[in-house]
Amino acid sequence: FILQYMSGFGNEHVSEDPRCPGALPEGQNNPQVCPYGLYAEQLSGSAFTCPRPTNKRSWLYRILPSVCHKPFKPLEEGHLTHNWDEVKPDPNQLRWKPFEIPKAPQNKMDFVSGLHTLCGAGEPRGRNGIAIHIFVCNTSMLDRCLYNSDGDFLIVPQQGKLLITTEFGKMLVDPNEICVIQQGMRFSVEVFGETRGYILEVYGAHFELPDLGPIGANGLANPRDFLVPVAWYEDRQVPGGYTVISKYQGKLFAAQQDFSPFNVVAWHGNYTPYKYHLEKFMVINAVAFDHADPSIFTVLTAKSTRPGVALADFVIFPPRWGVANNTFRPPYYHRNCMSEFMGLIKGHYEAKEEGFQPGGGSLHSMMTPHGPDADCFEKASKAKLEPERVAEGTMAFMFESSLSLAVTKWGLQTSSCLDKNYYKCWEPLKSHFNP
């Protein structure tokens, strides 16, 4: 089975498994009898009455409809939560060492059991909020799938590739790629060894491409580089029970059915899972003076109800040229009305070469000051200003939100990954003031 994709962000796609040519009904969505005796099912990602640019839905033609399951029962959540009051708020600069991946024979953990909530705000019932999760796993999901009733998952693998089977088809997602599984889409994750990554979950909005304004028609993440899977189905009976897991109002629930949910023979629509390779990002950067704000590195945004303010942005810091004159080259010192979570997929981040490691992270909360460490400041102040390649061989990213994020008990205590000495990287900064 060779993985194939269709390209284009938010396009109206049509796809049918080549084993069943003509499976898509001609000229209508819901005929009295579908080809091959299939069932028609609509998956709506927006209100029926949304304006056309934001109206999201797909039609799925499946062997059995998804309603054929036993009742949902509560499932142990582990470290998944949206309880933001477990511990007292912490306004400090926080940094985590790489999150530990459990060893397989002693502790088998798949994608769902390996979800750990690090921080977040808001809640799914009010359809406004976000959560940041870390996933660590060492085994594939067997005869079980997950769907998120609460919102969209933006998944950033850091170590190990993910083979994700969805109702729309299969996607292989390597580190340095991302994928988005939107609200309600069933998916199962296969891994090939010790695997780790980050997830940005948004409630109440979908990810979209940022507006380009004066940049013009092209640049940043180009729509053609987003890939959507092609239809693939399995007509598989699972007499022992296939488990469908729903993340609903922040809790997990499991229902049994006796067939695979990946039984969609054909589909069409504009509400799909998709993936994107971060190397395809077309960087726009300063070439005269001053360090441009990091918003120029936005790959995807989930808008809030306030114009120009994001519920969440996904921002990357890819390899690029630094060519500005008479300018302090690393990021400036900063206090921000947004919350900034940074992660590192590979390499060394330019503003903190030590301590910030792939598979770890940092959180600079609302109005908490941050910026280059002392070493970086001294080096950058004396550097010869000439065109230089920045961030070669690295990929750092940021989940940025207008919400004030609370850190979970797992993040502050249970994970044992919090770097208690982070604040010390700024202590050697000294006064150069000379009146």
# chains A, B, ... in the order shown; residues from 1 in each chain; ligands from 1
>>> closest_atom_pairs(of="segment 243-281 of chain A", to="segment 308-332 of chain A", cutoff="12 Å", atoms="only C-alpha atoms", output="tab-separated table")
residue	atom	partner	partner_atom	distance
A:His277	CA	A:Pro318	CA	11.6
A:Leu278	CA	A:Pro318	CA	7.9
A:Glu279	CA	A:Pro318	CA	7.6
A:Lys280	CA	A:Pro318	CA	9.9
A:Phe281	CA	A:Pro318	CA	8.0
>>> residues_around(residues="Gly22 of chain A", least_positions_apart="4", cutoff="12 Å", atoms="only C-alpha atoms", output="number ranges by chain")
A: 14-18, 26, 34-38, 61, 265-267
>>> residues_around(residues="Lys430 of chain A", least_positions_apart="5", cutoff="12 Å", atoms="only C-alpha atoms", output="ChimeraX atom specification")
/A:373-375,377-378
>>> closest_atom_pairs(of="segment 257-358 of chain A", to="segment 412-418 of chain A", cutoff="12 Å", atoms="only C-alpha atoms", output="JSON lines")
{"residue": "A:Gly355", "atom": "CA", "partner": "A:Leu418", "partner_atom": "CA", "distance": 11.4}
{"residue": "A:Phe356", "atom": "CA", "partner": "A:Leu418", "partner_atom": "CA", "distance": 11.5}
{"residue": "A:Gln357", "atom": "CA", "partner": "A:Cys417", "partner_atom": "CA", "distance": 11.7}
>>> closest_residue(among="A:Pro21, A:Gly250, A:Gly184, A:Gly122", to="His79 of chain A", atoms="only C-alpha atoms")
A:Gly250
>>> select_by_dssp(residues="segment 203-419 of chain A", states="helix (DSSP H, G or I)", output="MDAnalysis selection string")
chainID A and resid 213:215 223:225 278:280 294:297 374:382 409:414
>>> write_last_selection(atoms="N, CA, C and O atoms", output="CSV table (one decimal), in the first residue's frame")
chain,number,residue,atom,x,y,z
A,213,GLY,N,-1.6,40.1,4.1
A,213,GLY,CA,-1.4,41.5,4.0
A,213,GLY,C,-0.4,42.0,3.0
A,213,GLY,O,-0.4,41.5,1.9
A,214,PRO,N,0.5,42.9,3.4
A,214,PRO,CA,1.5,43.5,2.4
A,214,PRO,C,2.4,42.4,1.9
A,214,PRO,O,3.1,42.7,0.9
A,215,ILE,N,2.6,41.3,2.5
A,215,ILE,CA,3.4,40.2,1.9
A,215,ILE,C,3.0,39.9,0.5
A,215,ILE,O,3.8,39.6,-0.4
A,223,PRO,N,-0.6,27.2,0.4
A,223,PRO,CA,-1.7,26.3,0.5
A,223,PRO,C,-1.4,25.0,-0.3
A,223,PRO,O,-1.8,23.9,0.2
A,224,ARG,N,-0.7,25.0,-1.4
A,224,ARG,CA,-0.4,23.8,-2.2
A,224,ARG,C,0.4,22.8,-1.4
A,224,ARG,O,0.5,21.6,-1.8
A,225,ASP,N,1.1,23.2,-0.4
A,225,ASP,CA,2.0,22.3,0.3
A,225,ASP,C,1.3,21.4,1.4
A,225,ASP,O,2.0,20.6,2.0
A,278,LEU,N,7.5,21.1,7.5
A,278,LEU,CA,7.9,22.5,7.9
A,278,LEU,C,9.0,23.0,7.0
A,278,LEU,O,9.2,24.2,7.0
A,279,GLU,N,9.8,22.2,6.3
A,279,GLU,CA,10.8,22.7,5.4
A,279,GLU,C,10.2,23.4,4.2
A,279,GLU,O,11.0,24.1,3.5
A,280,LYS,N,8.9,23.3,4.0
A,280,LYS,CA,8.3,24.0,2.8
A,280,LYS,C,8.0,25.4,3.2
A,280,LYS,O,7.5,26.2,2.3
A,294,PRO,N,7.9,37.9,15.9
A,294,PRO,CA,7.9,36.4,15.4
A,294,PRO,C,6.6,36.1,14.7
A,294,PRO,O,6.5,35.0,14.2
A,295,SER,N,5.6,37.0,14.7
A,295,SER,CA,4.4,36.7,13.9
A,295,SER,C,4.6,36.4,12.5
A,295,SER,O,3.8,35.8,11.8
A,296,ILE,N,5.8,36.9,11.9
A,296,ILE,CA,6.1,36.6,10.5
A,296,ILE,C,6.4,35.1,10.3
A,296,ILE,O,6.6,34.7,9.1
A,297,PHE,N,6.5,34.4,11.4
A,297,PHE,CA,6.8,32.9,11.2
A,297,PHE,C,5.6,32.1,11.5
A,297,PHE,O,5.7,30.9,11.8
A,374,ALA,N,22.6,35.2,29.2
A,374,ALA,CA,23.7,36.1,29.3
A,374,ALA,C,24.8,35.8,28.2
A,374,ALA,O,25.3,36.7,27.6
A,375,ASP,N,25.1,34.5,28.0
A,375,ASP,CA,26.1,34.1,27.0
A,375,ASP,C,25.7,34.6,25.6
A,375,ASP,O,26.5,35.2,24.9
A,376,CYS,N,24.5,34.4,25.3
A,376,CYS,CA,24.0,34.8,24.0
A,376,CYS,C,24.0,36.3,23.8
A,376,CYS,O,24.4,36.8,22.8
A,377,PHE,N,23.7,37.0,24.9
A,377,PHE,CA,23.7,38.5,24.8
A,377,PHE,C,25.1,39.0,24.6
A,377,PHE,O,25.3,39.8,23.7
A,378,GLU,N,26.1,38.5,25.3
A,378,GLU,CA,27.5,38.9,25.2
A,378,GLU,C,28.0,38.6,23.8
A,378,GLU,O,28.6,39.4,23.1
A,379,LYS,N,27.7,37.4,23.3
A,379,LYS,CA,28.2,37.0,22.0
A,379,LYS,C,27.6,37.9,20.9
A,379,LYS,O,28.3,38.3,20.0
A,380,ALA,N,26.3,38.1,21.0
A,380,ALA,CA,25.6,38.8,19.9
A,380,ALA,C,26.0,40.3,19.9
A,380,ALA,O,26.0,40.9,18.8
A,381,SER,N,26.3,40.8,21.1
A,381,SER,CA,26.7,42.2,21.1
A,381,SER,C,28.0,42.5,20.5
A,381,SER,O,28.3,43.6,20.0
A,382,LYS,N,28.9,41.5,20.4
A,382,LYS,CA,30.2,41.6,19.8
A,382,LYS,C,30.4,41.0,18.5
A,382,LYS,O,31.4,41.1,17.9
A,409,LYS,N,-0.6,19.9,37.4
A,409,LYS,CA,0.2,19.2,38.5
A,409,LYS,C,1.3,18.3,37.8
A,409,LYS,O,2.4,18.3,38.2
A,410,TRP,N,0.9,17.6,36.7
A,410,TRP,CA,1.9,16.8,36.0
A,410,TRP,C,3.0,17.6,35.5
A,410,TRP,O,4.2,17.2,35.6
A,411,GLY,N,2.7,18.8,34.9
A,411,GLY,CA,3.8,19.7,34.4
A,411,GLY,C,4.7,20.2,35.5
A,411,GLY,O,5.9,20.2,35.3
A,412,LEU,N,4.1,20.6,36.6
A,412,LEU,CA,5.0,21.2,37.7
A,412,LEU,C,5.6,20.2,38.6
A,412,LEU,O,6.7,20.5,39.1
A,413,GLN,N,5.0,19.0,38.8
A,413,GLN,CA,5.5,18.1,39.8
A,413,GLN,C,5.7,16.7,39.2
A,413,GLN,O,6.8,16.2,39.2
A,414,THR,N,4.6,16.0,38.8
A,414,THR,CA,4.7,14.6,38.6
A,414,THR,C,5.7,14.2,37.5
A,414,THR,O,6.3,13.2,37.6
>>> closest_residue(among="A:Ser149, A:Asn138, A:Asn176, A:Asn29", to="Tyr203 of chain A", atoms="only C-alpha atoms")
A:Ser149
>>> select_by_dssp(residues="segment 235-408 of chain A", states="strand (DSSP E)", output="PyMOL selection string")
chain A and resi 237-248+251-259+264-269+274-277+298-303+310-317+320-322+339-346+361-364+388-390+395-401+406-407
>>> atom_distance(atom1="atom CA of Leu252 of chain A", atom2="atom CA of Pro273 of chain A")
21.2 Å
>>> residues_around(residues="segment 64-66 of chain A", least_positions_apart="4", cutoff="8 Å", atoms="only C-alpha atoms", output="VMD selection string")
chain A and resid 38 to 41 261 263
>>> closest_residue(among="A:Ser339, A:Pro31, A:Gln93, A:Ile245", to="Trp426 of chain A", atoms="only C-alpha atoms")
A:Gln93
>>> closest_residue(among="A:Pro157, A:Gly371, A:Pro229, A:Pro105", to="Met171 of chain A", atoms="only C-alpha atoms")
A:Pro229
>>> residues_around(residues="segment 70-72 of chain A", least_positions_apart="3", cutoff="6 Å", atoms="only C-alpha atoms", output="VMD selection string")
chain A and resid 253 to 256
>>> write_last_selection(atoms="all heavy atoms", output="PDB file, in the first residue's frame")
ATOM      1  N   PHE A 253     -14.012   8.478  27.098  1.00  0.00           N
ATOM      2  CA  PHE A 253     -15.076   7.476  27.150  1.00  0.00           C
ATOM      3  C   PHE A 253     -14.798   6.442  26.061  1.00  0.00           C
ATOM      4  O   PHE A 253     -14.269   6.783  25.004  1.00  0.00           O
ATOM      5  CB  PHE A 253     -16.446   8.132  26.913  1.00  0.00           C
ATOM      6  CG  PHE A 253     -16.811   9.134  27.972  1.00  0.00           C
ATOM      7  CD1 PHE A 253     -16.389  10.456  27.868  1.00  0.00           C
ATOM      8  CD2 PHE A 253     -17.552   8.754  29.075  1.00  0.00           C
ATOM      9  CE1 PHE A 253     -16.702  11.387  28.853  1.00  0.00           C
ATOM     10  CE2 PHE A 253     -17.875   9.675  30.066  1.00  0.00           C
ATOM     11  CZ  PHE A 253     -17.453  10.991  29.957  1.00  0.00           C
ATOM     12  N   ALA A 254     -15.164   5.186  26.341  1.00  0.00           N
ATOM     13  CA  ALA A 254     -14.901   4.116  25.374  1.00  0.00           C
ATOM     14  C   ALA A 254     -16.190   3.390  25.031  1.00  0.00           C
ATOM     15  O   ALA A 254     -17.012   3.124  25.913  1.00  0.00           O
ATOM     16  CB  ALA A 254     -13.879   3.137  25.941  1.00  0.00           C
ATOM     17  N   ALA A 255     -16.359   3.093  23.739  1.00  0.00           N
ATOM     18  CA  ALA A 255     -17.498   2.307  23.271  1.00  0.00           C
ATOM     19  C   ALA A 255     -16.969   1.142  22.444  1.00  0.00           C
ATOM     20  O   ALA A 255     -15.957   1.273  21.757  1.00  0.00           O
ATOM     21  CB  ALA A 255     -18.438   3.169  22.435  1.00  0.00           C
ATOM     22  N   GLN A 256     -17.668   0.006  22.501  1.00  0.00           N
ATOM     23  CA  GLN A 256     -17.254  -1.182  21.743  1.00  0.00           C
ATOM     24  C   GLN A 256     -18.106  -1.305  20.485  1.00  0.00           C
ATOM     25  O   GLN A 256     -19.295  -0.993  20.482  1.00  0.00           O
ATOM     26  CB  GLN A 256     -17.435  -2.437  22.602  1.00  0.00           C
ATOM     27  CG  GLN A 256     -16.607  -2.454  23.879  1.00  0.00           C
ATOM     28  CD  GLN A 256     -15.114  -2.385  23.622  1.00  0.00           C
ATOM     29  OE1 GLN A 256     -14.578  -3.097  22.767  1.00  0.00           O
ATOM     30  NE2 GLN A 256     -14.432  -1.501  24.332  1.00  0.00           N
TER      31      GLN A 256
END
>>> closest_atom_pairs(of="segment 135-202 of chain A", to="segment 360-365 of chain A", cutoff="10 Å", atoms="only C-alpha atoms", output="CSV")
residue,atom,partner,partner_atom,distance
A:Gln158,CA,A:Gly360,CA,9.7
A:Gly197,CA,A:Gly360,CA,9.4
A:Tyr198,CA,A:Gly361,CA,9.4
>>> atom_distance(atom1="atom CA of Lys346 of chain A", atom2="atom CA of Lys161 of chain A")
13.9 Å
>>> closest_residue(among="A:Trp84, A:Phe433, A:Tyr422, A:Phe399", to="Leu154 of chain A", atoms="only C-alpha atoms")
A:Phe399
